[in-house]
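Raw upload06.pdb, PDB, C-alpha atoms:
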ATOM      1  CA  ILE F   1     130.810 265.780 146.828  1.00  0.00           C
ATOM      2  CA  LEU F   2     129.109 264.118 149.749  1.00  0.00           C
ATOM      3  CA  TRP F   3     127.493 267.396 150.753  1.00  0.00           C
ATOM      4  CA  PHE F   4     126.129 268.003 147.231  1.00  0.00           C
ATOM      5  CA  LEU F   5     124.571 264.558 147.166  1.00  0.00           C
ATOM      6  CA  TRP F   6     123.379 264.279 150.728  1.00  0.00           C
ATOM      7  CA  THR F   7     121.840 267.756 151.169  1.00  0.00           C
ATOM      8  CA  PRO F   8     119.282 267.616 148.335  1.00  0.00           C
ATOM      9  CA  TYR F   9     118.338 264.095 149.355  1.00  0.00           C
ATOM     10  CA  THR F  10     117.809 265.203 152.954  1.00  0.00           C
ATOM     11  CA  ILE F  11     115.810 268.272 151.870  1.00  0.00           C
ATOM     12  CA  ILE F  12     113.552 266.079 149.760  1.00  0.00           C
ATOM     13  CA  ASP F  13     113.167 263.707 152.693  1.00  0.00           C
ATOM     14  CA  TYR F  14     112.235 266.589 155.009  1.00  0.00           C
ATOM     15  CA  VAL F  15     109.941 268.553 152.675  1.00  0.00           C
ATOM     16  CA  ILE F  16     108.134 265.736 150.911  1.00  0.00           C
ATOM     17  CA  PHE F  17     108.384 262.751 153.250  1.00  0.00           C
ATOM     18  CA  ASP F  18     108.705 264.489 156.626  1.00  0.00           C
ATOM     19  CA  PHE F  19     111.808 262.412 157.496  1.00  0.00           C
ATOM     20  CA  GLN F  20     109.972 259.133 156.852  1.00  0.00           C
ATOM     21  CA  LEU F  21     112.423 257.623 154.332  1.00  0.00           C
ATOM     22  CA  ASN F  22     114.074 254.360 155.325  1.00  0.00           C
ATOM     23  CA  ILE F  23     117.810 253.881 155.357  1.00  0.00           C
ATOM     24  CA  SER F  24     117.451 251.696 152.277  1.00  0.00           C
ATOM     25  CA  ASP F  25     116.196 254.745 150.382  1.00  0.00           C
ATOM     26  CA  TYR F  26     119.675 256.237 150.776  1.00  0.00           C
ATOM     27  CA  TYR F  27     121.375 253.253 149.062  1.00  0.00           C
ATOM     28  CA  PRO F  28     121.682 255.015 145.679  1.00  0.00           C
ATOM     29  CA  ILE F  29     123.808 257.682 147.368  1.00  0.00           C
ATOM     30  CA  TYR F  30     125.982 255.024 149.014  1.00  0.00           C
ATOM     31  CA  VAL F  31     126.467 253.259 145.681  1.00  0.00           C
ATOM     32  CA  LEU F  32     127.332 256.525 143.936  1.00  0.00           C
ATOM     33  CA  LEU F  33     129.833 257.448 146.659  1.00  0.00           C
ATOM     34  CA  SER F  34     131.416 254.001 146.399  1.00  0.00           C
ATOM     35  CA  ILE F  35     131.789 254.358 142.634  1.00  0.00           C
ATOM     36  CA  ILE F  36     133.358 257.819 142.992  1.00  0.00           C
ATOM     37  CA  THR F  37     135.772 256.551 145.655  1.00  0.00           C
ATOM     38  CA  ILE F  38     136.817 253.577 143.507  1.00  0.00           C
ATOM     39  CA  TRP F  39     137.240 255.832 140.458  1.00  0.00           C
ATOM     40  CA  ILE F  40     139.452 258.318 142.352  1.00  0.00           C
ATOM     41  CA  SER F  41     141.534 255.461 143.786  1.00  0.00           C
ATOM     42  CA  ALA F  42     141.972 253.885 140.353  1.00  0.00           C
ATOM     43  CA  GLU F  43     143.051 257.217 138.843  1.00  0.00           C
ATOM     44  CA  ALA F  44     145.566 257.754 141.628  1.00  0.00           C
ATOM     45  CA  PHE F  45     146.934 254.234 141.191  1.00  0.00           C
ATOM     46  CA  LEU F  46     147.093 254.304 137.382  1.00  0.00           C
ATOM     47  CA  ARG F  47     148.392 257.885 137.064  1.00  0.00           C
ATOM     48  CA  PRO F  48     150.495 258.689 140.147  1.00  0.00           C
ATOM     49  CA  GLU F  49     152.119 261.626 138.333  1.00  0.00           C
ATOM     50  CA  ILE F  50     148.915 263.571 138.946  1.00  0.00           C
ATOM     51  CA  ILE F  51     149.366 263.350 142.700  1.00  0.00           C
ATOM     52  CA  PHE F  52     153.151 263.685 142.742  1.00  0.00           C
ATOM     53  CA  LEU F  53     153.397 266.299 139.988  1.00  0.00           C
ATOM     54  CA  GLU F  54     154.957 269.021 142.154  1.00  0.00           C
ATOM     55  CA  ALA F  55     157.668 266.724 143.530  1.00  0.00           C
ATOM     56  CA  ASN F  56     158.536 265.507 140.025  1.00  0.00           C
ATOM     57  CA  LYS F  57     158.854 269.076 138.751  1.00  0.00           C
ATOM     58  CA  LYS F  58     161.310 269.978 141.502  1.00  0.00           C
ATOM     59  CA  ASP F  59     163.411 266.869 140.832  1.00  0.00           C
ATOM     60  CA  ASN F  60     163.512 267.580 137.094  1.00  0.00           C
ATOM     61  CA  ILE F  61     164.509 271.202 137.621  1.00  0.00           C
ATOM     62  CA  ASN F  62     167.448 270.169 139.782  1.00  0.00           C
ATOM     63  CA  LYS F  63     168.633 267.487 137.332  1.00  0.00           C
ATOM     64  CA  GLU F  64     168.404 269.489 134.108  1.00  0.00           C
ATOM     65  CA  THR F  65     171.525 271.032 132.686  1.00  0.00           C
ATOM     66  CA  PRO F  66     171.131 274.601 131.504  1.00  0.00           C
ATOM     67  CA  SER F  67     170.115 274.994 127.894  1.00  0.00           C
ATOM     68  CA  GLU F  68     172.474 276.461 125.336  1.00  0.00           C
ATOM     69  CA  GLU F  69     170.326 279.588 125.232  1.00  0.00           C
ATOM     70  CA  ILE F  70     170.617 280.062 129.011  1.00  0.00           C
ATOM     71  CA  ILE F  71     174.397 279.614 128.816  1.00  0.00           C
ATOM     72  CA  LYS F  72     174.621 282.259 126.067  1.00  0.00           C
ATOM     73  CA  LYS F  73     172.473 284.643 128.079  1.00  0.00           C
ATOM     74  CA  ALA F  74     174.631 283.997 131.151  1.00  0.00           C
ATOM     75  CA  SER F  75     177.747 284.962 129.176  1.00  0.00           C
ATOM     76  CA  TRP F  76     175.979 288.073 127.926  1.00  0.00           C
ATOM     77  CA  LEU F  77     174.947 288.930 131.489  1.00  0.00           C
ATOM     78  CA  LYS F  78     178.495 288.574 132.820  1.00  0.00           C
ATOM     79  CA  GLU F  79     179.735 290.826 130.035  1.00  0.00           C
ATOM     80  CA  GLN F  80     177.073 293.443 130.825  1.00  0.00           C
ATOM     81  CA  ILE F  81     177.860 293.395 134.542  1.00  0.00           C
ATOM     82  CA  ALA F  82     181.603 293.753 133.942  1.00  0.00           C
ATOM     83  CA  THR F  83     181.207 296.474 131.307  1.00  0.00           C
ATOM     84  CA  ASN F  84     178.574 298.628 132.993  1.00  0.00           C
ATOM     85  CA  LEU F  85     179.787 298.088 136.584  1.00  0.00           C
ATOM     86  CA  PHE F  86     176.247 297.607 137.910  1.00  0.00           C
ATOM     87  CA  TYR F  87     177.652 295.875 140.999  1.00  0.00           C
ATOM     88  CA  LEU F  88     179.075 299.179 142.307  1.00  0.00           C
ATOM     89  CA  ASN F  89     175.535 300.317 143.107  1.00  0.00           C
ATOM     90  CA  SER F  90     174.984 299.453 146.773  1.00  0.00           C
ATOM     91  CA  GLU F  91     171.203 299.620 146.269  1.00  0.00           C
ATOM     92  CA  LEU F  92     171.239 297.117 143.392  1.00  0.00           C
ATOM     93  CA  THR F  93     168.338 294.671 143.364  1.00  0.00           C
ATOM     94  CA  LEU F  94     167.281 291.981 140.957  1.00  0.00           C
ATOM     95  CA  LYS F  95     164.468 294.218 139.731  1.00  0.00           C
ATOM     96  CA  SER F  96     166.652 297.298 139.243  1.00  0.00           C
ATOM     97  CA  LEU F  97     169.249 295.266 137.345  1.00  0.00           C
ATOM     98  CA  ALA F  98     166.534 293.683 135.204  1.00  0.00           C
ATOM     99  CA  ASP F  99     165.148 297.141 134.437  1.00  0.00           C
ATOM    100  CA  SER F 100     168.620 298.378 133.471  1.00  0.00           C
ATOM    101  CA  LEU F 101     169.084 295.389 131.161  1.00  0.00           C
ATOM    102  CA  ASN F 102     165.528 295.640 129.772  1.00  0.00           C
ATOM    103  CA  ILE F 103     164.563 292.089 130.688  1.00  0.00           C
ATOM    104  CA  HIS F 104     161.959 290.667 133.040  1.00  0.00           C
ATOM    105  CA  PRO F 105     163.200 289.969 136.602  1.00  0.00           C
ATOM    106  CA  ASN F 106     162.047 286.335 136.370  1.00  0.00           C
ATOM    107  CA  ILE F 107     164.129 285.782 133.251  1.00  0.00           C
ATOM    108  CA  LEU F 108     167.154 287.430 134.861  1.00  0.00           C
ATOM    109  CA  SER F 109     166.719 285.248 137.926  1.00  0.00           C
ATOM    110  CA  LYS F 110     166.495 282.132 135.750  1.00  0.00           C
ATOM    111  CA  ILE F 111     169.672 283.094 133.885  1.00  0.00           C
ATOM    112  CA  ILE F 112     171.567 283.588 137.141  1.00  0.00           C
ATOM    113  CA  ASN F 113     170.168 280.520 138.904  1.00  0.00           C
ATOM    114  CA  GLU F 114     170.387 278.041 136.033  1.00  0.00           C
ATOM    115  CA  GLY F 115     173.099 279.485 133.805  1.00  0.00           C
ATOM    116  CA  LEU F 116     175.505 280.445 136.563  1.00  0.00           C
ATOM    117  CA  ASP F 117     174.302 278.103 139.319  1.00  0.00           C
ATOM    118  CA  LYS F 118     174.207 280.971 141.838  1.00  0.00           C
ATOM    119  CA  ASN F 119     171.701 283.236 143.455  1.00  0.00           C
ATOM    120  CA  PHE F 120     171.566 286.954 142.701  1.00  0.00           C
ATOM    121  CA  SER F 121     173.417 288.069 145.842  1.00  0.00           C
ATOM    122  CA  ASP F 122     176.290 285.617 145.388  1.00  0.00           C
ATOM    123  CA  PHE F 123     176.624 286.578 141.725  1.00  0.00           C
ATOM    124  CA  ILE F 124     176.849 290.323 142.428  1.00  0.00           C
ATOM    125  CA  ASN F 125     178.998 289.920 145.535  1.00  0.00           C
ATOM    126  CA  GLU F 126     181.646 288.000 143.579  1.00  0.00           C
ATOM    127  CA  TYR F 127     182.047 291.009 141.303  1.00  0.00           C
ATOM    128  CA  ARG F 128     182.225 293.303 144.322  1.00  0.00           C
ATOM    129  CA  ILE F 129     184.916 291.194 145.986  1.00  0.00           C
ATOM    130  CA  ASN F 130     186.966 291.085 142.774  1.00  0.00           C
ATOM    131  CA  ALA F 131     186.667 294.880 142.476  1.00  0.00           C
ATOM    132  CA  PHE F 132     187.754 295.199 146.105  1.00  0.00           C
ATOM    133  CA  ILE F 133     190.833 293.038 145.481  1.00  0.00           C
ATOM    134  CA  ASP F 134     191.726 295.044 142.365  1.00  0.00           C
ATOM    135  CA  LYS F 135     191.505 298.289 144.330  1.00  0.00           C
ATOM    136  CA  LEU F 136     193.413 296.811 147.254  1.00  0.00           C
ATOM    137  CA  ASP F 137     196.270 295.920 144.896  1.00  0.00           C
ATOM    138  CA  SER F 138     196.360 299.486 143.564  1.00  0.00           C
ATOM    139  CA  ASP F 139     198.657 302.030 145.233  1.00  0.00           C
ATOM    140  CA  LYS F 140     195.954 304.619 144.669  1.00  0.00           C
ATOM    141  CA  TYR F 141     193.912 303.127 147.532  1.00  0.00           C
ATOM    142  CA  ASP F 142     196.695 302.792 150.133  1.00  0.00           C
ATOM    143  CA  ASN F 143     195.296 305.654 152.227  1.00  0.00           C
ATOM    144  CA  ILE F 144     191.698 304.389 152.220  1.00  0.00           C
ATOM    145  CA  THR F 145     190.438 301.976 154.873  1.00  0.00           C
ATOM    146  CA  LEU F 146     189.231 298.512 153.967  1.00  0.00           C
ATOM    147  CA  LEU F 147     185.706 299.604 154.836  1.00  0.00           C
ATOM    148  CA  GLY F 148     186.008 302.645 152.575  1.00  0.00           C
ATOM    149  CA  ILE F 149     187.149 300.487 149.669  1.00  0.00           C
ATOM    150  CA  SER F 150     184.341 298.005 150.325  1.00  0.00           C
ATOM    151  CA  PHE F 151     181.785 300.829 150.213  1.00  0.00           C
ATOM    152  CA  GLU F 152     183.233 301.993 146.886  1.00  0.00           C
ATOM    153  CA  CYS F 153     182.805 298.453 145.573  1.00  0.00           C
ATOM    154  CA  GLY F 154     179.072 298.358 146.306  1.00  0.00           C
ATOM    155  CA  PHE F 155     178.847 296.981 149.823  1.00  0.00           C
ATOM    156  CA  ASN F 156     176.796 299.024 152.263  1.00  0.00           C
ATOM    157  CA  SER F 157     177.544 297.130 155.469  1.00  0.00           C
ATOM    158  CA  LYS F 158     180.802 296.161 157.155  1.00  0.00           C
ATOM    159  CA  THR F 159     179.274 292.950 158.472  1.00  0.00           C
ATOM    160  CA  THR F 160     178.021 291.869 155.059  1.00  0.00           C
ATOM    161  CA  PHE F 161     181.336 292.712 153.440  1.00  0.00           C
ATOM    162  CA  ASN F 162     183.367 290.729 155.994  1.00  0.00           C
ATOM    163  CA  ARG F 163     181.023 287.724 155.806  1.00  0.00           C
ATOM    164  CA  VAL F 164     180.959 287.661 151.993  1.00  0.00           C
ATOM    165  CA  PHE F 165     184.712 288.165 151.698  1.00  0.00           C
ATOM    166  CA  LYS F 166     185.427 285.324 154.119  1.00  0.00           C
ATOM    167  CA  ASN F 167     182.938 283.026 152.327  1.00  0.00           C
ATOM    168  CA  ILE F 168     184.475 283.686 148.917  1.00  0.00           C
ATOM    169  CA  LYS F 169     188.176 283.940 149.796  1.00  0.00           C
ATOM    170  CA  GLY F 170     188.297 281.843 152.969  1.00  0.00           C
ATOM    171  CA  ILE F 171     190.200 284.571 154.826  1.00  0.00           C
ATOM    172  CA  THR F 172     189.282 287.869 156.458  1.00  0.00           C
ATOM    173  CA  PRO F 173     189.870 291.082 154.478  1.00  0.00           C
ATOM    174  CA  LEU F 174     192.503 292.313 156.951  1.00  0.00           C
ATOM    175  CA  ASN F 175     194.449 289.045 156.791  1.00  0.00           C
ATOM    176  CA  TYR F 176     194.185 289.130 152.998  1.00  0.00           C
ATOM    177  CA  LYS F 177     195.629 292.657 152.936  1.00  0.00           C
ATOM    178  CA  LYS F 178     198.475 291.588 155.226  1.00  0.00           C
ATOM    179  CA  SER F 179     199.241 288.589 153.002  1.00  0.00           C
ATOM    180  CA  ILE F 180     199.379 290.825 149.912  1.00  0.00           C
ATOM    181  CA  LYS F 181     201.727 293.328 151.571  1.00  0.00           C
ATOM    182  CA  ASN F 182     204.047 290.511 152.696  1.00  0.00           C
ATOM    183  CA  MET F 183     204.328 289.069 149.179  1.00  0.00           C
ATOM    184  CA  PRO F 184     207.591 289.787 147.370  1.00  0.00           C
ATOM    185  CA  GLU F 185     207.126 291.913 144.271  1.00  0.00           C
TER     186      GLU F 185
END

Now that the file is in, can you turn its structure into structure tokens?
Amino acid sequence: ILWFLWTPYTIIDYVIFDFQLNISDYYPIYVLLSIITIWISAEAFLRPEIIFLEANKKDNINKETPSEEIIKKASWLKEQIATNLFYLNSELTLKSLADSLNIHPNILSKIINEGLDKNFSDFINEYRINAFIDKLDSDKYDNITLLGISFECGFNSKTTFNRVFKNIKGITPLNYKKSIKNMPE
């Protein structure tokens, strides 16, 4: 604002008056700048939500409970994931899942984040771990390594599988397998 006011005034002073204007001739600019400064300060004081709008939005997002519609969509999503076994795809992304479900990725993300209180990776990895445990309990998979079963369940990295399994179950996959085999039937 200062530049827009000062530059034309200085150009006029140079072109017409050959830099002969007194400092008192610049008083109207000083008064105008003072008024603008007071006005901006008053607005900031009287309506602080303008300045702190972004912080308020983040606080409100964290405090809101999911709407009934989001909860219904979350139930629908869980049903779709369990029925169609999308989690078995090791290349699954938020976008590819959204495309398969015919919804926008942002909406899918909102359903997972707000309706299920998880991120996409945690949501999918829970299904993968449950599938792993189901297969581990089955006699059909006795001759397959833990890594082989994890790959069949959608994991594509041993490190990721071990980390996720330990985070969800609190025990390593090998120790989990040993504890299952030691259980009386």

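Separating atom CA of Cys153 of chain F from atom CA of Ala98 of chain F is a distance of 19.9 Å.
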
With all atoms of segment 34-41 of chain F from the file as input, state the centre and edge lengths in Å to one decimal of the axis-aligned box that has 6 Å extra on each side, as JSON.
{"center_x": 136.5, "center_y": 255.9, "center_z": 143.4, "size_x": 22.1, "size_y": 16.7, "size_z": 17.9}

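Relative to atom CA of Gly154 of chain F, atom CA of Ser90 of chain F is found at 4.3 Å.
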
- Message: Show me, as a ChimeraX atom specification, the residues that have an atom within 10 Å of segment 134-142 of chain F when counting all atoms listed in the file, minus same-chain residues fewer than 3 positions from it.
- Response: /F:128-131,145-146,148-150,152-153,173,176-177,180-181

Would you put the residues from that selection into a file with C-alpha atoms, as an mmCIF file, in the frame of the given file?
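Contents of again26.cif, as written:
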data_model
loop_
_atom_site.group_PDB
_atom_site.id
_atom_site.type_symbol
_atom_site.label_atom_id
_atom_site.label_comp_id
_atom_site.auth_asym_id
_atom_site.auth_seq_id
_atom_site.Cartn_x
_atom_site.Cartn_y
_atom_site.Cartn_z
ATOM 1 C CA ARG F 128 182.225 293.303 144.322
ATOM 2 C CA ILE F 129 184.916 291.194 145.986
ATOM 3 C CA ASN F 130 186.966 291.085 142.774
ATOM 4 C CA ALA F 131 186.667 294.880 142.476
ATOM 5 C CA THR F 145 190.438 301.976 154.873
ATOM 6 C CA LEU F 146 189.231 298.512 153.967
ATOM 7 C CA GLY F 148 186.008 302.645 152.575
ATOM 8 C CA ILE F 149 187.149 300.487 149.669
ATOM 9 C CA SER F 150 184.341 298.005 150.325
ATOM 10 C CA GLU F 152 183.233 301.993 146.886
ATOM 11 C CA CYS F 153 182.805 298.453 145.573
ATOM 12 C CA PRO F 173 189.870 291.082 154.478
ATOM 13 C CA TYR F 176 194.185 289.130 152.998
ATOM 14 C CA LYS F 177 195.629 292.657 152.936
ATOM 15 C CA ILE F 180 199.379 290.825 149.912
ATOM 16 C CA LYS F 181 201.727 293.328 151.571
#

- Task: Excluding segment 72-80 of chain F and residues on its chain fewer than 6 positions from it, collect all residues at most 12 Å away from it, counting only C-alpha atoms, and give them as a ChimeraX atom specification.
- Result: /F:66,86-87,97-98,100-103,107-118,120,123-124,126-127

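Across F:Ile40, F:His104, F:Arg163, F:Lys169, the tightest approach to Ile133 of chain F is made by F:Lys169 when counting only C-alpha atoms.
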
- Between atom CA of Asp13 of chain F and atom CA of Tyr26 of chain F, what is the distance, to one decimal in Å? 10.1 Å

Ground truth for the PyMOL selection byres ((chain F and resi 29) around 12), written as a CSV table (one decimal) with C-alpha atoms, in the coordinates of the input:
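New file expr-v5.csv:
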chain,number,residue,atom,x,y,z
F,1,ILE,CA,130.8,265.8,146.8
F,2,LEU,CA,129.1,264.1,149.7
F,3,TRP,CA,127.5,267.4,150.8
F,4,PHE,CA,126.1,268.0,147.2
F,5,LEU,CA,124.6,264.6,147.2
F,6,TRP,CA,123.4,264.3,150.7
F,7,THR,CA,121.8,267.8,151.2
F,8,PRO,CA,119.3,267.6,148.3
F,9,TYR,CA,118.3,264.1,149.4
F,10,THR,CA,117.8,265.2,153.0
F,23,ILE,CA,117.8,253.9,155.4
F,24,SER,CA,117.5,251.7,152.3
F,25,ASP,CA,116.2,254.7,150.4
F,26,TYR,CA,119.7,256.2,150.8
F,27,TYR,CA,121.4,253.3,149.1
F,28,PRO,CA,121.7,255.0,145.7
F,30,TYR,CA,126.0,255.0,149.0
F,31,VAL,CA,126.5,253.3,145.7
F,32,LEU,CA,127.3,256.5,143.9
F,33,LEU,CA,129.8,257.4,146.7
F,34,SER,CA,131.4,254.0,146.4
F,35,ILE,CA,131.8,254.4,142.6
F,36,ILE,CA,133.4,257.8,143.0

Run the PyMOL selection byres ((chain F and resi 164) around 10) on the file and write out the hits as an mmCIF file with C-alpha atoms, keeping the file's coordinate frame.
data_model
loop_
_atom_site.group_PDB
_atom_site.id
_atom_site.type_symbol
_atom_site.label_atom_id
_atom_site.label_comp_id
_atom_site.auth_asym_id
_atom_site.auth_seq_id
_atom_site.Cartn_x
_atom_site.Cartn_y
_atom_site.Cartn_z
ATOM 1 C CA SER F 121 173.417 288.069 145.842
ATOM 2 C CA ASP F 122 176.290 285.617 145.388
ATOM 3 C CA ASN F 125 178.998 289.920 145.535
ATOM 4 C CA GLU F 126 181.646 288.000 143.579
ATOM 5 C CA ARG F 128 182.225 293.303 144.322
ATOM 6 C CA ILE F 129 184.916 291.194 145.986
ATOM 7 C CA PHE F 155 178.847 296.981 149.823
ATOM 8 C CA LYS F 158 180.802 296.161 157.155
ATOM 9 C CA THR F 159 179.274 292.950 158.472
ATOM 10 C CA THR F 160 178.021 291.869 155.059
ATOM 11 C CA PHE F 161 181.336 292.712 153.440
ATOM 12 C CA ASN F 162 183.367 290.729 155.994
ATOM 13 C CA ARG F 163 181.023 287.724 155.806
ATOM 14 C CA PHE F 165 184.712 288.165 151.698
ATOM 15 C CA LYS F 166 185.427 285.324 154.119
ATOM 16 C CA ASN F 167 182.938 283.026 152.327
ATOM 17 C CA ILE F 168 184.475 283.686 148.917
ATOM 18 C CA LYS F 169 188.176 283.940 149.796
ATOM 19 C CA GLY F 170 188.297 281.843 152.969
ATOM 20 C CA THR F 172 189.282 287.869 156.458
ATOM 21 C CA PRO F 173 189.870 291.082 154.478
#
